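To start, the structure under review is shown below, and the notes come after it.
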Amino acid sequence: MSKKRVLSGIQPTHDSFHLGNYLGALKQWVQLQEDNDAFYCVVDLHALTIETDPKVLQKRILLSAAQLIAIGVDPSKCTLFIQSHVPAHNQLAWVLECITGFGEAGRMTQFKDKSQKGGADRTNVGLFTYPILQAADILLYQADFVPVGEDQRQHIELTRDLGQRFNSKYKEIFNIPQAQIIKSLAKINDLQEPTAKMSKSAASMSGVIELLDAPEITLKKFKSSVTDDGKEVKFDEKGKPGISNLLTIHSALSGKSIEAIENEFAGKGYGDFKSAVAEVVIAELEPIRDRTKQLMDDPAELVSLLSTGAKKANEVASNTLKEVYAALGLI
Ligand code: AQP
């Protein structure tokens, strides 16, 4: 049986990825590379929707690639590349923009949230067309699965709609992908605002567990996490969102069931529980932090690994684009 094609990307919008990215998406990337033909990219063009100092962006792109490798994304098992190294992403995006309705793009909730937060003056057209570029990222590689967190569900739906629309209007070229979302890990929440998703662009990083944080910072963030007035360590998403979020994190990393963790902390205070969650997280993140630092010591080696990935990605992407252009009647 031929291998399934997997595609996913992450934005270099911050120095460090966070625990939401890690549990919601990146841990799946590592597993899926074993039995699938996986393409993973650092979506640097998407990051241009936020104005960033060029030197800072350059460092973040390298840091992102280094973190992915440190987590276990292995360039010998998958195709790891930088989005801007493959021009077909922008070329297909334009084609897809021409079959996307204005109202359809305007209904994307991430655009609505981000443009509302930034205000009209700071909202650029790139933010509006972002999901269409994302659709091009995915459709170019004929992906079967896209491992993502819950926040991306709507964008994957749009990708499917655009792929189907092109196929029925012009020619059956695109494989229609499915989102692969692990329900229990699809939304890791901010430790200070446990009903909101943990995000790289949060107003304050005090509730965001960054993979590259020093252990003492991670401990401090967990110790000061917002919980409730009760005493019981019990999973109850509505009544105890803070404790439930911590239980999800502990369970995902320790491999223990939620029930086993609840039993372990029966009769103990929230303080002990918070320290225990921090301990599990620190044990997971320390090696990732160390390996990222080592990889950043040799940026030339990183760039060389990424250019090998880009070569492979370009082959697949340019073939799809050639077919698309021909189907459109372009000479
Ligand atoms: N809190 C989260 N819980 C579970 N999964 C999450 N993801 C993001 N936040 C959570 C998943 O991580 C992958 C990469 O995300 P991204 O950087 O491409 O974009 P994002 O979804 O916009 O992530 P952020 O952290 O909120 O970044 P900013 O603030 O820059 O927009 C995706 O698969 C995402 O689902």
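Going through the structure tokens in order, the chains are called A, B, and so on, while each chain numbers its residues from 1 and the ligands are numbered from 1 in the order shown.
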
### Task
Grab me every residue within 7 Å of ligand 1, counting only C-alpha atoms and all ligand atoms, and send it over as a list in words.
Gly9, Ile10, Gln11, Pro12, Thr13, His18, Gly20, Asn21, Tyr22, Leu23, Gly24, Ala25, Pro147, Val148, Gly149, Glu150, Asp151, Gln152, Leu185, Ala186, Lys187, Ile188, Asn189, Lys197, Met198, Ser199, Lys200, Ser201 and Ala202 of chain A

Just-selected residues, N, CA and C atoms written as a CSV table (one decimal), in the first residue's frame:
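Result went into out_39.csv, see below:
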```csv
chain,number,residue,atom,x,y,z
A,9,GLY,N,2.1,22.9,8.7
A,9,GLY,CA,3.1,24.1,8.8
A,9,GLY,C,2.9,24.8,10.1
A,10,ILE,N,4.0,25.5,10.5
A,10,ILE,CA,3.9,26.4,11.7
A,10,ILE,C,4.5,27.7,11.4
A,11,GLN,N,4.0,28.8,12.0
A,11,GLN,CA,4.5,30.1,11.7
A,11,GLN,C,5.6,30.5,12.7
A,12,PRO,N,6.7,31.1,12.1
A,12,PRO,CA,7.8,31.6,13.0
A,12,PRO,C,7.4,33.0,13.5
A,13,THR,N,6.3,33.1,14.3
A,13,THR,CA,5.9,34.4,14.8
A,13,THR,C,6.4,34.7,16.2
A,18,HIS,N,5.0,27.1,21.7
A,18,HIS,CA,4.4,26.9,23.0
A,18,HIS,C,3.8,25.5,23.2
A,20,GLY,N,0.9,24.5,23.5
A,20,GLY,CA,-0.3,24.3,22.7
A,20,GLY,C,0.1,23.8,21.3
A,21,ASN,N,1.1,24.5,20.7
A,21,ASN,CA,1.6,24.0,19.4
A,21,ASN,C,2.1,22.6,19.5
A,22,TYR,N,2.9,22.4,20.6
A,22,TYR,CA,3.5,21.1,20.8
A,22,TYR,C,2.5,19.9,21.0
A,23,LEU,N,1.6,20.1,21.9
A,23,LEU,CA,0.6,19.0,22.1
A,23,LEU,C,-0.5,18.9,21.0
A,24,GLY,N,-0.9,20.1,20.6
A,24,GLY,CA,-2.0,20.1,19.6
A,24,GLY,C,-1.5,19.6,18.2
A,25,ALA,N,-0.3,19.9,17.8
A,25,ALA,CA,0.1,19.6,16.5
A,25,ALA,C,1.5,18.9,16.4
A,147,PRO,N,-2.4,17.4,10.1
A,147,PRO,CA,-2.5,17.4,11.6
A,147,PRO,C,-2.4,18.8,12.2
A,148,VAL,N,-3.5,19.2,12.8
A,148,VAL,CA,-3.6,20.6,13.3
A,148,VAL,C,-4.4,20.6,14.6
A,149,GLY,N,-4.3,21.8,15.3
A,149,GLY,CA,-5.2,22.0,16.5
A,149,GLY,C,-6.6,22.5,16.0
A,150,GLU,N,-7.5,22.6,16.9
A,150,GLU,CA,-8.9,22.9,16.6
A,150,GLU,C,-9.1,24.3,15.9
A,151,ASP,N,-8.2,25.2,16.3
A,151,ASP,CA,-8.3,26.6,15.7
A,151,ASP,C,-8.2,26.6,14.2
A,152,GLN,N,-7.6,25.5,13.6
A,152,GLN,CA,-7.4,25.4,12.2
A,152,GLN,C,-8.5,24.7,11.4
A,185,LEU,N,-6.5,17.1,22.8
A,185,LEU,CA,-5.4,18.0,22.8
A,185,LEU,C,-5.5,19.1,21.9
A,186,ALA,N,-6.7,19.3,21.3
A,186,ALA,CA,-6.9,20.2,20.2
A,186,ALA,C,-6.9,21.7,20.6
A,187,LYS,N,-7.1,21.9,21.9
A,187,LYS,CA,-7.1,23.3,22.4
A,187,LYS,C,-6.5,23.3,23.8
A,188,ILE,N,-5.2,23.6,23.9
A,188,ILE,CA,-4.6,23.8,25.2
A,188,ILE,C,-4.7,25.2,25.5
A,189,ASN,N,-5.2,25.5,26.7
A,189,ASN,CA,-5.5,26.9,27.1
A,189,ASN,C,-4.4,27.6,27.8
A,197,LYS,N,-7.5,30.0,24.1
A,197,LYS,CA,-6.4,29.1,23.7
A,197,LYS,C,-5.0,29.8,24.0
A,198,MET,N,-4.1,28.9,24.3
A,198,MET,CA,-2.7,29.4,24.4
A,198,MET,C,-2.2,29.8,23.1
A,199,SER,N,-1.7,31.0,23.0
A,199,SER,CA,-1.3,31.6,21.7
A,199,SER,C,0.0,32.3,21.7
A,200,LYS,N,0.8,32.2,20.6
A,200,LYS,CA,2.1,32.9,20.5
A,200,LYS,C,1.9,34.4,20.6
A,201,SER,N,0.7,34.9,20.1
A,201,SER,CA,0.5,36.3,20.1
A,201,SER,C,-0.4,36.8,21.3
A,202,ALA,N,-0.3,36.1,22.4
A,202,ALA,CA,-1.1,36.5,23.6
A,202,ALA,C,-0.5,37.9,24.1
```

### Task
Pick out the residues sitting within 12 Å of Thr129 in chain A, and hand them over as a ChimeraX atom specification; count only C-alpha atoms, and ignore anything fewer than 6 positions along from it in its own chain.
/A:45-46,49,90,93-94,96-98,100-108,110-111,123,135-136,155,158

Keeping only C-alpha atoms, take the residues you just selected and write them out as a CSV table (one decimal), in the first residue's frame.
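out_12.csv, written as the output of this step:
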```
chain,number,residue,atom,x,y,z
A,45,LEU,CA,5.3,34.0,4.3
A,46,HIS,CA,2.3,33.7,6.7
A,49,THR,CA,1.1,39.3,8.1
A,90,ASN,CA,2.3,32.0,-3.9
A,93,ALA,CA,-2.5,30.9,-3.9
A,94,TRP,CA,-3.3,33.5,-6.6
A,96,LEU,CA,-7.2,29.9,-5.5
A,97,GLU,CA,-7.9,33.6,-4.7
A,98,CYS,CA,-9.6,33.9,-8.0
A,100,THR,CA,-12.7,32.3,-3.5
A,101,GLY,CA,-15.7,34.5,-2.7
A,102,PHE,CA,-15.0,37.8,-0.9
A,103,GLY,CA,-17.7,36.9,1.6
A,104,GLU,CA,-16.4,33.4,2.0
A,105,ALA,CA,-12.9,34.7,3.0
A,106,GLY,CA,-14.5,37.3,5.3
A,107,ARG,CA,-16.3,34.6,7.3
A,108,MET,CA,-13.0,33.1,8.6
A,110,GLN,CA,-9.4,33.8,12.8
A,111,PHE,CA,-9.4,36.8,10.4
A,123,THR,CA,-5.1,44.9,9.4
A,135,ALA,CA,-5.0,26.2,1.2
A,136,ALA,CA,-2.3,26.4,-1.5
A,155,HIS,CA,-9.2,26.8,7.4
A,158,LEU,CA,-12.0,26.1,3.2
```

Residues near range 225-239 of chain A, anyone? I mean within 12 Å using only C-alpha atoms, not counting same-chain ones fewer than 6 positions away, as a CSV table (one decimal) with all heavy atoms, in the first residue's frame.
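Listed below is the output, part.csv:
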```
chain,number,residue,atom,x,y,z
A,184,SER,N,-8.8,15.6,22.4
A,184,SER,CA,-8.5,15.9,23.8
A,184,SER,C,-7.4,17.0,23.9
A,184,SER,O,-7.2,17.6,24.9
A,184,SER,CB,-8.1,14.7,24.6
A,184,SER,OG,-7.0,14.1,23.9
A,187,LYS,N,-7.1,21.9,21.9
A,187,LYS,CA,-7.1,23.3,22.4
A,187,LYS,C,-6.5,23.3,23.8
A,187,LYS,O,-7.2,23.0,24.8
A,187,LYS,CB,-8.5,23.9,22.4
A,187,LYS,CG,-8.5,25.3,22.7
A,187,LYS,CD,-9.9,25.9,22.6
A,187,LYS,CE,-9.9,27.4,23.1
A,187,LYS,NZ,-11.0,27.6,24.1
A,188,ILE,N,-5.2,23.6,23.9
A,188,ILE,CA,-4.6,23.8,25.2
A,188,ILE,C,-4.7,25.2,25.5
A,188,ILE,O,-4.5,26.1,24.7
A,188,ILE,CB,-3.1,23.4,25.1
A,188,ILE,CG1,-2.9,21.9,24.6
A,188,ILE,CG2,-2.3,23.7,26.4
A,188,ILE,CD1,-3.4,20.9,25.6
A,189,ASN,N,-5.2,25.5,26.7
A,189,ASN,CA,-5.5,26.9,27.1
A,189,ASN,C,-4.4,27.6,27.8
A,189,ASN,O,-3.5,27.0,28.4
A,189,ASN,CB,-6.8,26.9,27.9
A,189,ASN,CG,-8.0,26.6,27.0
A,189,ASN,OD1,-7.9,26.7,25.8
A,189,ASN,ND2,-9.1,26.1,27.5
A,190,ASP,N,-4.6,28.9,27.8
A,190,ASP,CA,-3.7,29.9,28.5
A,190,ASP,C,-3.8,29.6,30.0
A,190,ASP,O,-4.9,29.5,30.5
A,190,ASP,CB,-4.1,31.3,28.1
A,190,ASP,CG,-3.1,32.3,28.6
A,190,ASP,OD1,-3.0,32.5,29.8
A,190,ASP,OD2,-2.5,33.0,27.7
A,191,LEU,N,-2.6,29.6,30.7
A,191,LEU,CA,-2.7,29.3,32.1
A,191,LEU,C,-3.3,30.4,32.9
A,191,LEU,O,-3.8,30.2,34.0
A,191,LEU,CB,-1.3,29.0,32.7
A,191,LEU,CG,-0.6,27.8,32.1
A,191,LEU,CD1,0.6,27.4,33.0
A,191,LEU,CD2,-1.4,26.6,31.9
A,192,GLN,N,-3.2,31.7,32.4
A,192,GLN,CA,-3.8,32.8,33.1
A,192,GLN,C,-5.3,33.1,32.7
A,192,GLN,O,-6.0,33.7,33.4
A,192,GLN,CB,-3.0,34.1,32.8
A,192,GLN,CG,-1.7,34.1,33.5
A,192,GLN,CD,-1.8,34.0,35.0
A,192,GLN,OE1,-2.7,34.7,35.6
A,192,GLN,NE2,-1.0,33.2,35.7
A,193,GLU,N,-5.6,32.5,31.5
A,193,GLU,CA,-7.0,32.7,31.0
A,193,GLU,C,-7.5,31.4,30.5
A,193,GLU,O,-7.5,31.1,29.3
A,193,GLU,CB,-6.9,33.8,29.9
A,193,GLU,CG,-8.1,34.6,29.8
A,193,GLU,CD,-8.0,35.5,28.6
A,193,GLU,OE1,-6.9,36.0,28.3
A,193,GLU,OE2,-9.0,35.7,27.9
A,194,PRO,N,-7.9,30.5,31.4
A,194,PRO,CA,-8.0,29.1,31.0
A,194,PRO,C,-9.2,28.8,30.1
A,194,PRO,O,-9.4,27.6,29.8
A,194,PRO,CB,-8.1,28.3,32.4
A,194,PRO,CG,-8.4,29.3,33.4
A,194,PRO,CD,-8.0,30.7,32.9
A,195,THR,N,-9.9,29.8,29.7
A,195,THR,CA,-11.0,29.5,28.6
A,195,THR,C,-10.5,30.0,27.3
A,195,THR,O,-11.2,29.7,26.3
A,195,THR,CB,-12.3,30.2,29.0
A,195,THR,OG1,-12.0,31.6,29.2
A,195,THR,CG2,-13.0,29.6,30.2
A,205,MET,N,2.7,36.9,28.2
A,205,MET,CA,3.3,35.5,28.0
A,205,MET,C,3.2,34.8,29.4
A,205,MET,O,3.6,33.6,29.5
A,205,MET,CB,4.7,35.5,27.5
A,205,MET,CG,4.8,36.1,26.1
A,205,MET,SD,3.7,35.4,24.9
A,205,MET,CE,4.5,33.9,24.4
A,206,SER,N,2.6,35.4,30.4
A,206,SER,CA,2.6,34.8,31.7
A,206,SER,C,1.8,33.5,31.8
A,206,SER,O,2.0,32.6,32.7
A,206,SER,CB,2.2,35.7,32.8
A,206,SER,OG,1.0,36.2,32.5
A,207,GLY,N,0.9,33.3,30.9
A,207,GLY,CA,0.1,32.1,30.8
A,207,GLY,C,0.4,31.2,29.7
A,207,GLY,O,-0.3,30.2,29.4
A,208,VAL,N,1.5,31.5,29.0
A,208,VAL,CA,1.9,30.7,27.8
A,208,VAL,C,3.2,29.9,28.2
A,208,VAL,O,4.2,30.5,28.5
A,208,VAL,CB,2.2,31.7,26.6
A,208,VAL,CG1,2.7,30.9,25.4
A,208,VAL,CG2,1.0,32.5,26.3
A,209,ILE,N,3.1,28.6,28.1
A,209,ILE,CA,4.3,27.8,28.4
A,209,ILE,C,5.2,27.7,27.1
A,209,ILE,O,4.8,27.0,26.2
A,209,ILE,CB,3.9,26.4,28.9
A,209,ILE,CG1,3.1,26.6,30.2
A,209,ILE,CG2,5.2,25.5,29.2
A,209,ILE,CD1,3.9,27.3,31.3
A,218,THR,N,9.2,28.1,33.8
A,218,THR,CA,8.1,27.2,33.6
A,218,THR,C,7.4,26.9,34.9
A,218,THR,O,6.2,27.0,35.1
A,218,THR,CB,8.6,25.9,33.0
A,218,THR,OG1,9.3,26.2,31.8
A,218,THR,CG2,7.4,24.9,32.7
A,219,LEU,N,8.2,26.6,36.0
A,219,LEU,CA,7.7,26.3,37.3
A,219,LEU,C,6.8,27.5,37.8
A,219,LEU,O,5.7,27.3,38.3
A,219,LEU,CB,8.8,26.0,38.3
A,219,LEU,CG,8.4,25.7,39.7
A,219,LEU,CD1,7.6,24.4,39.7
A,219,LEU,CD2,9.7,25.5,40.6
A,245,ASN,N,-7.5,22.0,32.3
A,245,ASN,CA,-6.4,22.3,31.4
A,245,ASN,C,-5.1,21.6,31.9
A,245,ASN,O,-4.3,21.0,31.2
A,245,ASN,CB,-6.2,23.8,31.2
A,245,ASN,CG,-5.3,24.2,30.1
A,245,ASN,OD1,-5.3,23.6,29.0
A,245,ASN,ND2,-4.6,25.3,30.3
A,246,LEU,N,-4.8,21.8,33.2
A,246,LEU,CA,-3.6,21.2,33.8
A,246,LEU,C,-3.6,19.7,33.8
A,246,LEU,O,-2.6,19.0,33.5
A,246,LEU,CB,-3.4,21.7,35.2
A,246,LEU,CG,-3.2,23.2,35.4
A,246,LEU,CD1,-3.0,23.6,36.9
A,246,LEU,CD2,-2.1,23.8,34.6
A,247,LEU,N,-4.8,19.1,34.0
A,247,LEU,CA,-5.0,17.7,33.9
A,247,LEU,C,-4.7,17.2,32.5
A,247,LEU,O,-4.0,16.2,32.3
A,247,LEU,CB,-6.4,17.3,34.4
A,247,LEU,CG,-6.6,17.1,35.9
A,247,LEU,CD1,-8.1,17.1,36.2
A,247,LEU,CD2,-5.9,15.9,36.4
A,248,THR,N,-5.2,17.9,31.5
A,248,THR,CA,-5.0,17.5,30.1
A,248,THR,C,-3.5,17.5,29.8
A,248,THR,O,-2.9,16.6,29.2
A,248,THR,CB,-5.7,18.5,29.2
A,248,THR,OG1,-7.1,18.5,29.5
A,248,THR,CG2,-5.5,18.1,27.7
A,249,ILE,N,-2.8,18.5,30.3
A,249,ILE,CA,-1.4,18.7,30.0
A,249,ILE,C,-0.6,17.5,30.7
A,249,ILE,O,0.2,16.9,30.1
A,249,ILE,CB,-0.8,20.1,30.5
A,249,ILE,CG1,-1.4,21.2,29.6
A,249,ILE,CG2,0.7,20.1,30.5
A,249,ILE,CD1,-1.2,22.6,30.2
A,250,HIS,N,-0.9,17.3,32.0
A,250,HIS,CA,-0.2,16.2,32.7
A,250,HIS,C,-0.4,14.9,32.0
A,250,HIS,O,0.5,14.2,31.7
A,250,HIS,CB,-0.7,16.2,34.1
A,250,HIS,CG,0.0,15.3,35.1
A,250,HIS,ND1,0.4,14.0,34.8
A,250,HIS,CD2,0.5,15.6,36.3
A,250,HIS,CE1,1.0,13.5,35.8
A,250,HIS,NE2,1.2,14.4,36.7
A,251,SER,N,-1.7,14.6,31.7
A,251,SER,CA,-2.0,13.3,31.1
A,251,SER,C,-1.3,13.1,29.8
A,251,SER,O,-0.8,12.0,29.5
A,251,SER,CB,-3.5,13.2,31.0
A,251,SER,OG,-3.9,12.1,30.2
A,257,SER,N,-3.8,8.2,32.9
A,257,SER,CA,-5.1,8.7,32.5
A,257,SER,C,-5.5,9.8,33.5
A,257,SER,O,-4.9,10.0,34.6
A,257,SER,CB,-6.1,7.5,32.7
A,257,SER,OG,-6.2,7.2,34.1
A,258,ILE,N,-6.5,10.6,33.0
A,258,ILE,CA,-7.0,11.7,33.8
A,258,ILE,C,-7.5,11.2,35.2
A,258,ILE,O,-7.1,11.7,36.3
A,258,ILE,CB,-8.2,12.4,33.1
A,258,ILE,CG1,-7.7,13.0,31.8
A,258,ILE,CG2,-8.8,13.5,34.0
A,258,ILE,CD1,-7.2,14.4,31.7
A,259,GLU,N,-8.2,10.1,35.2
A,259,GLU,CA,-8.7,9.5,36.4
A,259,GLU,C,-7.6,9.1,37.4
A,259,GLU,O,-7.6,9.3,38.6
A,259,GLU,CB,-9.5,8.2,36.0
A,259,GLU,CG,-10.5,7.9,37.1
A,259,GLU,CD,-11.2,6.5,36.8
A,259,GLU,OE1,-11.0,6.0,35.7
A,259,GLU,OE2,-11.9,6.1,37.6
A,260,ALA,N,-6.5,8.5,36.8
A,260,ALA,CA,-5.4,8.1,37.7
A,260,ALA,C,-4.7,9.3,38.3
A,260,ALA,O,-4.4,9.3,39.5
A,260,ALA,CB,-4.3,7.3,36.9
A,261,ILE,N,-4.7,10.4,37.6
A,261,ILE,CA,-4.1,11.6,38.2
A,261,ILE,C,-5.0,12.2,39.2
A,261,ILE,O,-4.5,12.7,40.3
A,261,ILE,CB,-3.8,12.7,37.0
A,261,ILE,CG1,-2.9,12.1,36.0
A,261,ILE,CG2,-3.0,13.9,37.6
A,261,ILE,CD1,-2.8,12.9,34.7
A,262,GLU,N,-6.3,12.2,38.9
A,262,GLU,CA,-7.3,12.7,39.9
A,262,GLU,C,-7.1,11.9,41.2
A,262,GLU,O,-7.0,12.5,42.3
A,262,GLU,CB,-8.7,12.5,39.4
A,262,GLU,CG,-9.1,13.5,38.3
A,262,GLU,CD,-10.5,13.2,37.7
A,262,GLU,OE1,-11.0,12.1,38.0
A,262,GLU,OE2,-11.0,14.0,37.0
A,263,ASN,N,-7.0,10.6,41.1
A,263,ASN,CA,-6.8,9.8,42.3
A,263,ASN,C,-5.5,10.1,43.1
A,263,ASN,O,-5.5,10.1,44.3
A,263,ASN,CB,-6.9,8.3,42.0
A,263,ASN,CG,-8.3,7.9,41.5
A,263,ASN,OD1,-9.3,8.5,41.9
A,263,ASN,ND2,-8.3,6.8,40.7
A,264,GLU,N,-4.5,10.3,42.3
A,264,GLU,CA,-3.1,10.5,42.9
A,264,GLU,C,-3.2,11.8,43.7
A,264,GLU,O,-2.5,11.9,44.8
A,264,GLU,CB,-2.2,10.7,41.7
A,264,GLU,CG,-0.7,10.6,42.1
A,264,GLU,CD,0.2,10.8,40.9
A,264,GLU,OE1,-0.2,10.3,39.8
A,264,GLU,OE2,1.3,11.4,41.0
A,265,PHE,N,-4.0,12.8,43.3
A,265,PHE,CA,-4.0,14.1,44.0
A,265,PHE,C,-5.3,14.2,44.9
A,265,PHE,O,-5.5,15.3,45.4
A,265,PHE,CB,-3.8,15.2,43.1
A,265,PHE,CG,-2.4,15.2,42.5
A,265,PHE,CD1,-2.1,14.6,41.3
A,265,PHE,CD2,-1.4,15.8,43.3
A,265,PHE,CE1,-0.8,14.6,40.9
A,265,PHE,CE2,-0.1,15.8,42.8
A,265,PHE,CZ,0.2,15.2,41.6
A,266,ALA,N,-6.0,13.2,45.1
A,266,ALA,CA,-7.2,13.3,46.0
A,266,ALA,C,-6.7,13.6,47.4
A,266,ALA,O,-5.8,13.1,47.9
A,266,ALA,CB,-7.9,11.9,46.0
A,267,GLY,N,-7.4,14.7,47.9
A,267,GLY,CA,-7.1,15.1,49.3
A,267,GLY,C,-5.8,16.0,49.4
A,267,GLY,O,-5.5,16.5,50.5
A,268,LYS,N,-5.1,16.2,48.3
A,268,LYS,CA,-3.9,17.1,48.3
A,268,LYS,C,-4.4,18.4,47.7
A,268,LYS,O,-5.4,18.5,47.0
A,268,LYS,CB,-2.8,16.5,47.5
A,268,LYS,CG,-2.3,15.2,48.0
A,268,LYS,CD,-1.1,14.7,47.2
A,268,LYS,CE,-0.7,13.3,47.7
A,268,LYS,NZ,0.1,12.6,46.7
A,269,GLY,N,-3.6,19.5,48.0
A,269,GLY,CA,-4.0,20.8,47.6
A,269,GLY,C,-3.6,21.1,46.1
A,269,GLY,O,-2.9,20.3,45.5
A,270,TYR,N,-4.1,22.2,45.6
A,270,TYR,CA,-3.8,22.6,44.2
A,270,TYR,C,-2.3,22.8,44.1
A,270,TYR,O,-1.7,22.6,43.0
A,270,TYR,CB,-4.5,23.9,43.8
A,270,TYR,CG,-6.0,23.7,43.5
A,270,TYR,CD1,-6.8,24.8,43.2
A,270,TYR,CD2,-6.5,22.4,43.4
A,270,TYR,CE1,-8.2,24.6,42.9
A,270,TYR,CE2,-7.9,22.2,43.0
A,270,TYR,CZ,-8.7,23.3,42.8
A,270,TYR,OH,-10.0,23.2,42.5
A,271,GLY,N,-1.6,23.3,45.1
A,271,GLY,CA,-0.2,23.7,45.1
A,271,GLY,C,0.6,22.5,44.7
A,271,GLY,O,1.5,22.5,43.8
A,272,ASP,N,0.4,21.3,45.3
A,272,ASP,CA,1.1,20.1,45.0
A,272,ASP,C,0.9,19.7,43.6
A,272,ASP,O,1.8,19.3,42.9
A,272,ASP,CB,0.7,18.9,45.9
A,272,ASP,CG,1.2,19.0,47.3
A,272,ASP,OD1,2.0,20.0,47.6
A,272,ASP,OD2,0.8,18.2,48.2
A,273,PHE,N,-0.4,19.8,43.2
A,273,PHE,CA,-0.7,19.4,41.8
A,273,PHE,C,0.0,20.2,40.8
A,273,PHE,O,0.6,19.7,39.8
A,273,PHE,CB,-2.3,19.4,41.7
A,273,PHE,CG,-2.7,19.1,40.3
A,273,PHE,CD1,-2.3,18.0,39.6
A,273,PHE,CD2,-3.5,20.0,39.6
A,273,PHE,CE1,-2.8,17.7,38.3
A,273,PHE,CE2,-4.0,19.8,38.3
A,273,PHE,CZ,-3.6,18.6,37.6
A,274,LYS,N,-0.1,21.5,41.0
A,274,LYS,CA,0.6,22.5,40.0
A,274,LYS,C,2.1,22.2,39.9
A,274,LYS,O,2.6,22.1,38.8
A,274,LYS,CB,0.4,23.9,40.5
A,274,LYS,CG,-1.0,24.5,40.3
A,274,LYS,CD,-1.1,25.9,40.8
A,274,LYS,CE,-2.4,26.5,40.7
A,274,LYS,NZ,-2.5,27.9,41.2
A,275,SER,N,2.7,21.9,41.1
A,275,SER,CA,4.2,21.6,41.0
A,275,SER,C,4.4,20.3,40.2
A,275,SER,O,5.4,20.2,39.5
A,275,SER,CB,4.8,21.4,42.4
A,275,SER,OG,4.5,22.6,43.2
A,277,VAL,N,2.6,19.0,37.8
A,277,VAL,CA,2.4,19.3,36.4
A,277,VAL,C,3.7,19.9,35.8
A,277,VAL,O,4.2,19.6,34.8
A,277,VAL,CB,1.2,20.1,36.1
A,277,VAL,CG1,1.0,20.3,34.5
A,277,VAL,CG2,-0.1,19.6,36.7
A,278,ALA,N,4.2,20.9,36.6
A,278,ALA,CA,5.4,21.6,36.1
A,278,ALA,C,6.5,20.7,36.0
A,278,ALA,O,7.3,20.7,35.0
A,278,ALA,CB,5.7,22.7,37.1
```

### Who sits within 12 Å of Ala88 in chain A, only C-alpha atoms, same chain under 3 positions skipped, as a list in words
Gln83, Ser84, His85, Gln91, Leu92, Ala93, Trp94, Val95, Leu133, Ala136, Asp137, Ile138, Leu139, Leu140, Tyr141, Ala310, Ala313, Asn314, Glu315, Val316, Ala317, Ser318, Asn319, Thr320, Leu321, Lys322, Glu323, Val324 and Tyr325 of chain A

### Message
Using DSSP assignments from the backbone, pull out every residue in range 124-310 of chain A that falls under helix (DSSP H, G or I) and give it to me as a count of residues only.
### Response
110

May I have all residues of range 95-301 of chain A that DSSP, computed from the backbone, assigns to strand (DSSP E or B), given as a CSV table (one decimal) with N, CA, C and O atoms, in the first residue's frame?
```
chain,number,residue,atom,x,y,z
A,145,PHE,N,-3.8,14.0,4.8
A,145,PHE,CA,-4.1,14.5,6.2
A,145,PHE,C,-3.3,15.7,6.6
A,145,PHE,O,-2.2,15.9,6.1
A,146,VAL,N,-3.9,16.6,7.4
A,146,VAL,CA,-3.3,17.8,7.9
A,146,VAL,C,-3.4,17.8,9.4
A,146,VAL,O,-4.5,18.1,10.0
A,147,PRO,N,-2.4,17.4,10.1
A,147,PRO,CA,-2.5,17.4,11.6
A,147,PRO,C,-2.4,18.8,12.2
A,147,PRO,O,-1.4,19.5,11.9
A,178,GLN,N,-8.0,15.8,4.7
A,178,GLN,CA,-8.8,15.8,5.9
A,178,GLN,C,-7.9,16.4,7.1
A,178,GLN,O,-6.7,16.1,7.1
A,179,ALA,N,-8.6,17.2,7.9
A,179,ALA,CA,-7.9,17.6,9.1
A,179,ALA,C,-7.7,16.5,10.1
A,179,ALA,O,-8.6,15.7,10.2
A,180,GLN,N,-6.6,16.4,10.7
A,180,GLN,CA,-6.4,15.3,11.7
A,180,GLN,C,-6.2,16.0,13.1
A,180,GLN,O,-5.2,16.7,13.3
A,189,ASN,N,-5.2,25.5,26.7
A,189,ASN,CA,-5.5,26.9,27.1
A,189,ASN,C,-4.4,27.6,27.8
A,189,ASN,O,-3.5,27.0,28.4
A,197,LYS,N,-7.5,30.0,24.1
A,197,LYS,CA,-6.4,29.1,23.7
A,197,LYS,C,-5.0,29.8,24.0
A,197,LYS,O,-4.8,31.0,23.9
A,210,GLU,N,6.3,28.4,27.1
A,210,GLU,CA,7.1,28.4,25.9
A,210,GLU,C,8.1,27.2,26.0
A,210,GLU,O,8.7,27.0,27.1
A,236,ASP,N,-13.4,19.0,35.0
A,236,ASP,CA,-14.7,19.6,34.8
A,236,ASP,C,-14.5,20.8,34.0
A,236,ASP,O,-14.2,21.9,34.5
A,240,LYS,N,-14.4,23.9,36.1
A,240,LYS,CA,-13.0,24.0,36.6
A,240,LYS,C,-12.0,24.0,35.4
A,240,LYS,O,-11.2,23.1,35.1
```

### Task
Tell me, as a list in words, which residues lie within 8 Å of range 28-32 of chain A, counting only C-alpha atoms; anything in the same chain fewer than 3 positions away does not count.
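Residues meeting the cut-off are Val6, Ser8, Leu23, Gly24, Ala25, Asp35, Asn36, Ala38, Tyr40, Ile71, Gly72, Val73, Asp74 and Pro147 of chain A.
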
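Of the residues listed (A:Ala70, A:Ile331, A:Ile61, A:Leu212), A:Ala70 shows the shortest atom-to-atom separation from Leu26 in chain A; distances use only C-alpha atoms.
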